[in-house]
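> One file: start34.txt (compact mmCIF, C-alpha atoms).
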# COMPACT_ATOMS: atom_id res chain seq x y z
CA ALA A 3 -30.13 -26.88 -27.63
CA ASP A 4 -28.84 -27.21 -24.10
CA PRO A 5 -30.31 -24.79 -21.55
CA PRO A 6 -28.01 -21.91 -20.59
CA PRO A 7 -26.08 -22.45 -17.35
CA ASN A 8 -27.15 -21.02 -14.06
CA VAL A 9 -24.64 -18.57 -12.58
CA VAL A 10 -23.62 -18.14 -8.93
CA PHE A 11 -21.21 -15.41 -7.84
CA ILE A 12 -19.40 -15.91 -4.52
CA LEU A 13 -17.90 -12.58 -3.48
CA SER A 14 -15.70 -12.58 -0.41
CA ASP A 15 -15.42 -9.28 1.48
CA ASP A 16 -12.13 -7.90 2.87
CA GLN A 17 -9.91 -10.99 2.61
CA HIS A 18 -6.20 -11.20 1.83
CA TRP A 19 -5.27 -13.09 -1.32
CA ARG A 20 -3.17 -15.60 0.64
CA ASP A 21 -5.77 -16.31 3.35
CA TYR A 22 -6.84 -19.72 2.04
CA ALA A 23 -5.33 -23.13 2.66
CA PHE A 24 -5.11 -23.74 -1.11
CA MET A 25 -3.11 -20.51 -1.46
CA GLY A 26 -0.62 -21.75 1.11
CA HIS A 27 -1.75 -20.22 4.39
CA PRO A 28 -0.14 -22.22 7.22
CA HIS A 29 -3.00 -21.98 9.74
CA LEU A 30 -6.35 -21.31 8.05
CA ARG A 31 -8.86 -24.13 7.55
CA THR A 32 -10.79 -23.51 4.33
CA PRO A 33 -11.86 -26.98 3.14
CA HIS A 34 -14.82 -25.77 1.08
CA LEU A 35 -12.90 -23.06 -0.75
CA ASP A 36 -10.16 -25.64 -1.26
CA ARG A 37 -12.72 -27.96 -2.85
CA LEU A 38 -13.93 -25.14 -5.08
CA ALA A 39 -10.33 -24.52 -6.16
CA ARG A 40 -9.76 -28.22 -6.93
CA GLU A 41 -12.83 -28.21 -9.17
CA SER A 42 -12.18 -24.86 -10.89
CA LEU A 43 -10.08 -23.02 -13.39
CA VAL A 44 -8.08 -20.97 -10.87
CA PHE A 45 -6.20 -17.76 -11.49
CA PRO A 46 -4.07 -17.25 -8.35
CA ARG A 47 -2.76 -14.02 -9.88
CA GLY A 48 -6.11 -12.29 -10.11
CA TYR A 49 -6.67 -8.60 -9.44
CA VAL A 50 -9.66 -6.40 -8.69
CA THR A 51 -9.95 -2.80 -9.90
CA SER A 52 -10.07 -1.06 -6.52
CA SER A 53 -9.00 -1.83 -2.97
CA LEU A 54 -12.35 -0.54 -1.70
CA CYS A 55 -15.72 -2.33 -1.68
CA SER A 56 -18.14 -0.14 -3.64
CA PRO A 57 -16.02 0.67 -6.72
CA SER A 58 -14.69 -2.89 -6.88
CA LEU A 59 -18.19 -4.41 -6.84
CA ALA A 60 -19.37 -1.87 -9.43
CA SER A 61 -16.55 -3.03 -11.73
CA ILE A 62 -17.49 -6.68 -11.26
CA ILE A 63 -21.12 -6.11 -12.21
CA THR A 64 -20.45 -3.74 -15.14
CA GLY A 65 -17.15 -5.09 -16.48
CA ARG A 66 -15.79 -1.53 -16.43
CA TYR A 67 -12.98 0.26 -14.63
CA PRO A 68 -13.89 2.82 -11.92
CA HIS A 69 -12.87 5.72 -14.16
CA GLU A 70 -15.53 4.50 -16.60
CA HIS A 71 -18.44 3.78 -14.27
CA ARG A 72 -17.40 6.74 -12.05
CA ILE A 73 -18.03 5.02 -8.73
CA VAL A 74 -14.62 5.62 -7.17
CA GLY A 75 -15.39 5.52 -3.44
CA ASN A 76 -17.82 4.13 -0.92
CA ASP A 77 -19.44 7.45 0.00
CA PRO A 78 -19.92 10.78 -1.78
CA PRO A 79 -18.07 13.89 -0.64
CA GLY A 80 -19.81 16.81 1.02
CA GLY A 81 -20.84 15.66 4.50
CA LYS A 82 -24.27 14.75 5.85
CA GLU A 83 -26.15 17.48 3.98
CA ALA A 84 -25.02 16.20 0.58
CA PHE A 85 -25.02 12.49 1.42
CA ALA A 86 -28.41 11.46 0.03
CA ALA A 87 -28.01 13.47 -3.18
CA GLY A 88 -24.49 12.14 -3.62
CA ARG A 89 -25.57 8.53 -3.21
CA GLU A 90 -28.34 9.04 -5.74
CA ARG A 91 -25.83 10.47 -8.21
CA MET A 92 -23.54 7.45 -7.74
CA THR A 93 -26.45 5.08 -8.31
CA ARG A 94 -27.37 6.88 -11.52
CA HIS A 95 -23.80 6.42 -12.71
CA LEU A 96 -24.27 2.66 -12.33
CA GLU A 97 -27.57 2.78 -14.21
CA GLU A 98 -25.79 4.23 -17.25
CA TRP A 99 -24.18 0.82 -17.90
CA PRO A 100 -25.67 -2.55 -18.87
CA THR A 101 -25.09 -4.58 -15.70
CA LEU A 102 -24.71 -8.34 -15.70
CA PRO A 103 -28.21 -9.11 -14.32
CA ARG A 104 -29.75 -6.87 -16.99
CA LEU A 105 -27.76 -8.53 -19.73
CA LEU A 106 -28.67 -12.00 -18.48
CA GLY A 107 -32.29 -10.91 -18.02
CA ALA A 108 -32.56 -10.38 -21.76
CA ARG A 109 -31.71 -14.11 -22.08
CA GLY A 110 -34.52 -15.04 -19.69
CA TYR A 111 -32.57 -15.20 -16.42
CA GLN A 112 -34.04 -14.51 -13.01
CA SER A 113 -31.54 -12.82 -10.70
CA LEU A 114 -31.15 -12.41 -6.94
CA GLN A 115 -29.05 -9.87 -5.00
CA THR A 116 -27.90 -10.75 -1.49
CA GLY A 117 -25.26 -9.26 0.79
CA LYS A 118 -23.13 -6.22 0.01
CA TRP A 119 -24.80 -3.79 -2.39
CA TRP A 120 -24.16 -0.04 -2.42
CA GLN A 121 -26.24 1.42 -5.23
CA GLY A 122 -29.76 1.83 -3.89
CA ASP A 123 -32.52 -0.74 -4.15
CA PHE A 124 -31.51 -4.08 -5.70
CA SER A 125 -33.70 -3.36 -8.72
CA ARG A 126 -31.49 -0.45 -9.74
CA GLY A 127 -28.73 -2.92 -10.51
CA GLY A 128 -31.07 -4.89 -12.76
CA PHE A 129 -31.83 -7.74 -10.35
CA THR A 130 -35.33 -9.22 -10.51
CA GLU A 131 -35.25 -10.03 -6.79
CA GLY A 132 -33.12 -8.91 -3.88
CA MET A 133 -32.67 -8.28 -0.19
CA THR A 134 -31.21 -4.76 -0.13
CA LYS A 135 -33.69 -1.89 -0.10
CA GLY A 136 -31.30 1.03 -0.46
CA ALA A 137 -29.45 1.83 2.76
CA ARG A 138 -25.67 2.21 2.77
CA HIS A 139 -23.86 -0.99 1.73
CA GLY A 140 -26.61 -3.54 2.15
CA ASP A 141 -29.21 -3.18 4.97
CA GLU A 142 -31.37 -6.37 5.07
CA GLY A 143 -29.08 -8.07 2.56
CA LEU A 144 -26.29 -8.23 5.13
CA ALA A 145 -28.10 -11.04 6.96
CA ILE A 146 -27.00 -13.44 4.22
CA GLY A 147 -24.25 -15.79 5.35
CA ARG A 148 -24.13 -14.29 8.84
CA LYS A 149 -27.64 -15.37 9.84
CA THR A 150 -29.16 -17.38 7.00
CA MET A 151 -28.71 -18.81 3.50
CA GLN A 152 -32.42 -19.53 3.04
CA PRO A 153 -33.26 -16.61 0.69
CA ILE A 154 -30.85 -18.08 -1.87
CA TYR A 155 -32.30 -21.58 -1.54
CA ASP A 156 -35.86 -20.27 -1.85
CA PHE A 157 -34.96 -18.22 -4.94
CA ILE A 158 -33.33 -21.20 -6.62
CA GLY A 159 -36.46 -23.23 -5.94
CA ARG A 160 -38.72 -20.55 -7.44
CA SER A 161 -36.54 -20.20 -10.52
CA ARG A 162 -36.55 -23.95 -11.12
CA ALA A 163 -40.31 -24.13 -10.69
CA ALA A 164 -40.67 -21.36 -13.29
CA GLY A 165 -38.28 -23.12 -15.67
CA LYS A 166 -35.91 -20.13 -15.66
CA PRO A 167 -32.11 -20.04 -15.49
CA PHE A 168 -30.89 -18.08 -12.46
CA PHE A 169 -28.12 -15.71 -11.41
CA VAL A 170 -27.23 -15.41 -7.71
CA TRP A 171 -25.12 -12.59 -6.26
CA TYR A 172 -23.84 -13.99 -2.95
CA ALA A 173 -21.80 -11.18 -1.37
CA PRO A 174 -21.89 -11.74 2.40
CA MET A 175 -20.23 -9.31 4.79
CA LEU A 176 -17.66 -12.01 5.53
CA PRO A 177 -14.92 -12.16 6.61
CA HIS A 178 -15.52 -8.38 6.85
CA ASP A 179 -15.70 -6.94 10.35
CA PRO A 180 -17.29 -7.24 12.83
CA HIS A 181 -14.96 -10.17 13.36
CA ASP A 182 -17.35 -12.07 15.62
CA PRO A 183 -17.12 -15.77 14.75
CA ALA A 184 -18.24 -18.54 17.11
CA PRO A 185 -16.14 -18.70 20.30
CA GLU A 186 -14.74 -22.12 19.41
CA LEU A 187 -13.23 -20.66 16.23
CA VAL A 188 -11.55 -17.86 18.17
CA GLU A 189 -10.27 -20.38 20.71
CA HIS A 190 -8.85 -22.58 17.95
CA TYR A 191 -7.01 -19.79 16.16
CA ALA A 192 -5.81 -18.25 19.43
CA THR A 193 -3.52 -21.28 19.65
CA GLN A 194 -1.97 -20.24 16.30
CA THR A 195 -1.32 -16.53 17.00
CA ASP A 196 -0.54 -14.19 19.88
CA SER A 197 -3.08 -11.63 18.61
CA VAL A 198 -6.76 -11.99 19.49
CA HIS A 199 -7.54 -9.64 16.60
CA VAL A 200 -5.86 -11.98 14.12
CA ALA A 201 -7.58 -14.98 15.73
CA ARG A 202 -10.97 -13.32 15.31
CA TYR A 203 -10.28 -12.45 11.68
CA TRP A 204 -9.10 -15.98 10.90
CA GLY A 205 -12.23 -17.30 12.60
CA ASN A 206 -14.36 -15.17 10.30
CA VAL A 207 -12.51 -16.55 7.27
CA GLU A 208 -13.41 -20.09 8.33
CA ARG A 209 -16.96 -18.94 9.06
CA PHE A 210 -17.20 -17.65 5.49
CA ASP A 211 -15.72 -20.90 4.18
CA ARG A 212 -18.49 -22.88 5.89
CA THR A 213 -21.16 -20.82 4.11
CA VAL A 214 -19.46 -21.55 0.78
CA GLY A 215 -19.72 -25.24 1.67
CA ASP A 216 -23.41 -24.84 2.46
CA LEU A 217 -24.03 -23.23 -0.92
CA LEU A 218 -22.04 -25.78 -2.93
CA ASP A 219 -23.73 -28.63 -1.04
CA HIS A 220 -27.14 -27.18 -1.89
CA LEU A 221 -26.27 -27.14 -5.59
CA ASP A 222 -25.18 -30.77 -5.28
CA ARG A 223 -28.35 -31.85 -3.46
CA GLU A 224 -30.53 -30.17 -6.07
CA HIS A 225 -28.52 -31.77 -8.92
CA LEU A 226 -27.59 -28.32 -10.23
CA SER A 227 -23.80 -28.37 -10.06
CA ALA A 228 -23.18 -29.63 -13.59
CA ASN A 229 -25.23 -26.83 -15.12
CA THR A 230 -24.15 -24.01 -12.82
CA LEU A 231 -21.19 -21.73 -13.43
CA VAL A 232 -19.74 -20.74 -10.04
CA VAL A 233 -17.52 -17.65 -10.06
CA TYR A 234 -15.34 -16.64 -7.10
CA VAL A 235 -13.48 -13.40 -6.34
CA THR A 236 -13.02 -11.15 -3.32
CA ASP A 237 -13.90 -7.46 -3.50
CA ASN A 238 -10.64 -6.21 -1.99
CA GLY A 239 -7.81 -7.32 0.24
CA TRP A 240 -7.19 -7.10 3.96
CA ILE A 241 -4.22 -7.47 6.29
CA GLN A 242 -5.35 -7.78 9.87
CA SER A 243 -3.57 -5.49 12.32
CA PRO A 244 -2.30 -7.55 15.28
CA ASP A 245 -2.73 -4.58 17.61
CA ALA A 246 -6.26 -3.33 16.87
CA PRO A 247 -9.52 -4.40 15.20
CA ARG A 248 -8.67 -2.74 11.88
CA PHE A 249 -6.70 -3.36 8.71
CA GLY A 250 -2.95 -2.95 8.50
CA PRO A 251 -0.83 -1.02 5.99
CA ARG A 252 -0.53 -2.01 2.34
CA SER A 253 -3.91 -3.72 2.27
CA LYS A 254 -7.39 -2.20 2.03
CA LEU A 255 -7.30 1.29 0.45
CA SER A 256 -3.79 0.69 -0.89
CA PRO A 257 -2.45 0.04 -4.41
CA TYR A 258 -0.45 -2.98 -3.21
CA ASP A 259 -1.16 -6.68 -3.68
CA GLY A 260 -2.59 -6.78 -0.16
CA GLY A 261 -5.39 -4.51 -1.35
CA LEU A 262 -5.91 -5.54 -4.97
CA ARG A 263 -4.97 -9.19 -5.43
CA SER A 264 -7.49 -12.03 -5.24
CA PRO A 265 -7.73 -15.56 -6.61
CA ILE A 266 -10.36 -15.71 -9.36
CA MET A 267 -12.10 -19.04 -9.97
CA PHE A 268 -14.56 -20.46 -12.51
CA ARG A 269 -16.23 -23.83 -11.88
CA ARG A 270 -18.58 -25.81 -14.06
CA PRO A 271 -18.08 -29.58 -13.69
CA GLY A 272 -17.83 -31.41 -16.99
CA THR A 273 -17.45 -28.18 -18.95
CA ILE A 274 -14.50 -26.29 -17.45
CA GLN A 275 -11.41 -28.41 -16.92
CA PRO A 276 -10.01 -27.87 -13.41
CA ARG A 277 -6.51 -26.43 -13.54
CA THR A 278 -4.39 -23.55 -12.30
CA SER A 279 -3.32 -20.83 -14.71
CA ASP A 280 -0.28 -18.60 -14.23
CA GLU A 281 -1.84 -15.95 -16.46
CA LEU A 282 -2.85 -12.62 -14.99
CA ALA A 283 -6.59 -12.11 -14.67
CA SER A 284 -8.76 -9.17 -13.70
CA ALA A 285 -12.21 -8.73 -12.21
CA ILE A 286 -13.19 -6.94 -15.43
CA ASP A 287 -12.68 -10.27 -17.25
CA ILE A 288 -15.50 -11.88 -15.28
CA LEU A 289 -18.44 -10.24 -17.07
CA PRO A 290 -17.36 -11.08 -20.66
CA THR A 291 -16.46 -14.63 -19.57
CA VAL A 292 -19.88 -15.20 -17.99
CA LEU A 293 -21.70 -13.70 -20.98
CA ALA A 294 -19.82 -16.03 -23.34
CA ALA A 295 -20.71 -19.04 -21.18
CA CYS A 296 -24.37 -18.02 -21.23
CA GLY A 297 -24.56 -17.28 -24.94
CA VAL A 298 -25.17 -13.55 -24.47
CA GLU A 299 -23.72 -10.96 -26.84
CA PRO A 300 -21.35 -8.67 -24.89
CA PRO A 301 -21.67 -4.88 -24.91
CA ALA A 302 -19.33 -2.98 -27.21
CA ARG A 303 -15.83 -1.94 -26.16
CA LEU A 304 -15.54 -3.99 -22.98
CA PRO A 305 -12.02 -3.61 -21.54
CA GLY A 306 -11.97 -7.18 -20.19
CA VAL A 307 -11.50 -10.44 -22.07
CA ASN A 308 -13.29 -13.79 -22.14
Kindly present the structure from the file in structure tokens form.


Amino acid sequence: ADPPPNVVFILSDDQHWRDYAFMGHPHLRTPHLDRLARESLVFPRGYVTSSLCSPSLASIITGRYPHEHRIVGNDPPGGKEAFAAGRERMTRHLEEWPTLPRLLGARGYQSLQTGKWWQGDFSRGGFTEGMTKGARHGDEGLAIGRKTMQPIYDFIGRSRAAGKPFFVWYAPMLPHDPHDPAPELVEHYATQTDSVHVARYWGNVERFDRTVGDLLDHLDREHLSANTLVVYVTDNGWIQSPDAPRFGPRSKLSPYDGGLRSPIMFRRPGTIQPRTSDELASAIDILPTVLAACGVEPPARLPGVN
């Protein structure tokens, strides 16, 4: 019997569905995401369940719609006095469902959380290891991609030494604001647009792309690519306002394509044939697809499909 595949999730944060060279953007340089697309089954017409981070990520990890897992916003209502109790209630909602790291854990997987994570300590999502300790939307985990990739590399090394398959949740706060890429990236994109705000956002997209390249290169160096399922999706869309450092209309927080659409990609060289599909796909399809690839029985009544 072949060993089950490792799984790596790459979760972009606040990025428009067209903001990739492979999706036809005229100015953005995304060579590493382009490579991932060339090597993947790509659904350009993919959709997430919410145009806001926390409920969208909760759907990805549970395979359920927001009305099912009941995480429908980033923060609870009620102001400062009710904030802590409200966050705890939201986290308990998540714990009612079998999350992907818990399901894979029953198959012997080690799992690592990095980056964006809203529901308390990483362990409450079922991860065996993680960076986030419980503060709003990620705390120490937000260093991933922006400052370092080393926690992922170290975790992969430990999992291999233990002879365990691994699951990595790579959800950097990129290209999410603050849009503070290296000055040379801003200077480059300033030649393509009259808006410094757009130039900074585009620079952060390329900055994110470089981290994707670092991660894929690490899998190659460690001879892990052939037995690793890489899954890509963004949490929600973004249209950069040209006039201010914020999002524009019909993107984040909206029901339009600019808020909900994202390419969805699955890569496993030698197993998944690279191609582009015109079929619609949803973020709720990711969990049953990954479980099938890993030989794990799915929970009952999942709304998504493999």

> With the cut-off set at 12 Å and counting all atoms listed in the file, tabulate each residue of stretch 152-203 of chain A with an atom at most that distance from an atom of stretch 19-43 of chain A, showing the nearest atom pair and its distance in Å to one decimal, ordered by chain and increasing number, as JSON lines.


{"residue": "A:Pro177", "atom": "CA", "partner": "A:Asp21", "partner_atom": "CA", "distance": 10.6}
{"residue": "A:Leu187", "atom": "CA", "partner": "A:Arg31", "partner_atom": "CA", "distance": 10.3}
{"residue": "A:Val188", "atom": "CA", "partner": "A:Leu30", "partner_atom": "CA", "distance": 11.9}
{"residue": "A:His190", "atom": "CA", "partner": "A:His29", "partner_atom": "CA", "distance": 10.1}
{"residue": "A:Tyr191", "atom": "CA", "partner": "A:His29", "partner_atom": "CA", "distance": 7.9}
{"residue": "A:Ala192", "atom": "CA", "partner": "A:His29", "partner_atom": "CA", "distance": 10.8}
{"residue": "A:Thr193", "atom": "CA", "partner": "A:His29", "partner_atom": "CA", "distance": 9.9}
{"residue": "A:Gln194", "atom": "CA", "partner": "A:His29", "partner_atom": "CA", "distance": 6.9}
{"residue": "A:Thr195", "atom": "CA", "partner": "A:His29", "partner_atom": "CA", "distance": 9.2}
{"residue": "A:Val200", "atom": "CA", "partner": "A:Leu30", "partner_atom": "CA", "distance": 11.1}
{"residue": "A:Ala201", "atom": "CA", "partner": "A:Leu30", "partner_atom": "CA", "distance": 10.0}
{"residue": "A:Arg202", "atom": "CA", "partner": "A:Leu30", "partner_atom": "CA", "distance": 11.7}
{"residue": "A:Tyr203", "atom": "CA", "partner": "A:Asp21", "partner_atom": "CA", "distance": 10.2}

> From the list A:Ala173, A:Met151, A:Ala294, A:Leu262, which residue is nearest A:Gly215 when using all atoms listed in the file?

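Among the listed residues, the smallest separation from A:Gly215 belongs to A:Met151.
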
> Could you jot down the atom CA of A:Glu131 to atom CA of A:Ser113 separation for me, Å, one decimal place?

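Answer for the atom CA of A:Glu131 to atom CA of A:Ser113 separation: 6.1 Å.
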
> Residues within 9 Å of A:Asp77, please, as a count of residues only. Count only C-alpha atoms; anything in the same chain fewer than 5 positions from it doesn't count.

6

> From the set A:Ala283, A:Val292, A:Val207, A:Leu114, which residue has the shortest atom-to-atom contact distance to A:His18, counting only C-alpha atoms?

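Counting only C-alpha atoms, the residue closest to A:His18 is A:Val207.
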
> One number please: atom CA of A:Pro46 to atom CA of A:Leu13, in Å, one decimal.

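Separating atom CA of A:Pro46 from atom CA of A:Leu13 is a distance of 15.4 Å.
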
> Set the distance at 10 Å and use all atoms listed in the file: which residues neighbour A:Val170 once local chain neighbours fewer than 5 positions away are removed? I'd like the list as a PyMOL selection string.

chain A and resi 8-12+103+112-116+129+131-132+154+157-158+232

> Taking C-alpha atoms for each residue, export the selection above as a short mmCIF file (atom, residue, chain, number, x, y, z; two decimals), in the coordinates of the input.


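To be explicit, this is the file written out as again-v8.cif:
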data_model
loop_
_atom_site.label_atom_id
_atom_site.label_comp_id
_atom_site.auth_asym_id
_atom_site.auth_seq_id
_atom_site.Cartn_x
_atom_site.Cartn_y
_atom_site.Cartn_z
CA ASN A 8 -27.15 -21.02 -14.06
CA VAL A 9 -24.64 -18.57 -12.58
CA VAL A 10 -23.62 -18.14 -8.93
CA PHE A 11 -21.21 -15.41 -7.84
CA ILE A 12 -19.40 -15.91 -4.52
CA PRO A 103 -28.21 -9.11 -14.32
CA GLN A 112 -34.04 -14.51 -13.01
CA SER A 113 -31.54 -12.82 -10.70
CA LEU A 114 -31.15 -12.41 -6.94
CA GLN A 115 -29.05 -9.87 -5.00
CA THR A 116 -27.90 -10.75 -1.49
CA PHE A 129 -31.83 -7.74 -10.35
CA GLU A 131 -35.25 -10.03 -6.79
CA GLY A 132 -33.12 -8.91 -3.88
CA ILE A 154 -30.85 -18.08 -1.87
CA PHE A 157 -34.96 -18.22 -4.94
CA ILE A 158 -33.33 -21.20 -6.62
CA VAL A 232 -19.74 -20.74 -10.04
#

> Do you have the atom CA of A:Pro271-atom CA of A:Phe169 distance handy?

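Taking atom CA of A:Pro271 and atom CA of A:Phe169, their separation equals 17.3 Å.
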
> Point out the residue among A:Asn238, A:Ser243, A:Thr150, A:Asn229 with the least atom-to-atom distance to A:Pro257, counting all atoms listed in the file.

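When distances to A:Pro257 are compared using all atoms listed in the file, the smallest one comes from A:Asn238.
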
> Which residue is closest to A:Ala86? Choose from A:Val235, A:Val307, A:Ala137, A:Leu282 and count all atoms listed in the file.

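Nearest to A:Ala86: A:Ala137.
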
> Find, counting all atoms listed in the file, the residue in A:Pro167, A:Pro174, A:Gly107, A:Gly128 that gets nearest to A:Leu144.

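Of A:Pro167, A:Pro174, A:Gly107, A:Gly128, the one nearest A:Leu144, counting all atoms listed in the file, is A:Pro174.
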
> I'd like to know which of A:Thr64, A:Ser284, A:Thr273, A:Asn206 is closest to A:Tyr234, using only C-alpha atoms.

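Going through A:Thr64, A:Ser284, A:Thr273, A:Asn206 one by one, the smallest distance to A:Tyr234 is for A:Ser284.
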
> Report the centre and edge lengths, in Å to one decimal, of an axis-aligned box enclosing every atom of stretch 195-204 of chain A listed in the file, padded by 3 Å on each side, as JSON.


{"center_x": -5.8, "center_y": -13.1, "center_z": 15.4, "size_x": 16.4, "size_y": 12.9, "size_z": 15.0}

> Taking (-18.0, 7.9, -11.8) in the coordinates of the supplied file, I want to know which residues reach to within 10 Å of it, counting only C-alpha atoms; could you give the answer as JSON, numbers by chain?

{"A": [57, 67, 68, 69, 70, 71, 72, 73, 74, 75, 91, 92, 93, 94, 95, 96]}

> What would the file be for stretch 54-62 of chain A if you keep all heavy atoms and write it as a short mmCIF file (atom, residue, chain, number, x, y, z; two decimals), in the first residue's frame?


data_model
loop_
_atom_site.label_atom_id
_atom_site.label_comp_id
_atom_site.auth_asym_id
_atom_site.auth_seq_id
_atom_site.Cartn_x
_atom_site.Cartn_y
_atom_site.Cartn_z
N LEU A 54 -15.80 37.37 3.45
CA LEU A 54 -15.16 37.83 4.68
C LEU A 54 -14.32 36.68 5.24
O LEU A 54 -14.73 35.51 5.18
CB LEU A 54 -16.21 38.28 5.69
CG LEU A 54 -15.70 38.96 6.95
CD1 LEU A 54 -14.95 40.25 6.62
CD2 LEU A 54 -16.88 39.26 7.89
N CYS A 55 -13.17 37.02 5.82
CA CYS A 55 -12.14 36.03 6.17
C CYS A 55 -12.64 34.89 7.06
O CYS A 55 -12.54 33.72 6.70
CB CYS A 55 -10.97 36.71 6.87
SG CYS A 55 -10.33 38.18 6.06
N SER A 56 -13.11 35.23 8.26
CA SER A 56 -13.38 34.20 9.27
C SER A 56 -14.41 33.17 8.82
O SER A 56 -14.16 31.96 8.91
CB SER A 56 -13.80 34.86 10.59
OG SER A 56 -14.08 33.89 11.57
N PRO A 57 -15.59 33.57 8.34
CA PRO A 57 -16.54 32.55 7.90
C PRO A 57 -16.06 31.75 6.70
O PRO A 57 -16.35 30.56 6.59
CB PRO A 57 -17.81 33.35 7.58
CG PRO A 57 -17.38 34.76 7.45
CD PRO A 57 -16.18 34.92 8.31
N SER A 58 -15.32 32.40 5.80
CA SER A 58 -14.80 31.69 4.63
C SER A 58 -13.82 30.61 5.05
O SER A 58 -13.89 29.46 4.59
CB SER A 58 -14.14 32.67 3.67
OG SER A 58 -13.58 31.99 2.56
N LEU A 59 -12.88 30.94 5.93
CA LEU A 59 -11.91 29.96 6.40
C LEU A 59 -12.58 28.83 7.18
O LEU A 59 -12.18 27.67 7.08
CB LEU A 59 -10.84 30.64 7.25
CG LEU A 59 -9.93 31.63 6.51
CD1 LEU A 59 -9.05 32.39 7.49
CD2 LEU A 59 -9.08 30.91 5.47
N ALA A 60 -13.61 29.16 7.96
CA ALA A 60 -14.33 28.13 8.70
C ALA A 60 -15.00 27.15 7.75
O ALA A 60 -15.08 25.95 8.02
CB ALA A 60 -15.36 28.78 9.64
N SER A 61 -15.50 27.65 6.60
CA SER A 61 -16.10 26.75 5.61
C SER A 61 -15.06 25.85 4.97
O SER A 61 -15.32 24.67 4.70
CB SER A 61 -16.82 27.57 4.54
OG SER A 61 -18.00 28.16 5.03
N ILE A 62 -13.88 26.39 4.72
CA ILE A 62 -12.82 25.59 4.09
C ILE A 62 -12.41 24.43 5.00
O ILE A 62 -12.22 23.30 4.54
CB ILE A 62 -11.62 26.49 3.75
CG1 ILE A 62 -11.99 27.44 2.61
CG2 ILE A 62 -10.40 25.66 3.37
CD1 ILE A 62 -10.98 28.56 2.39
#
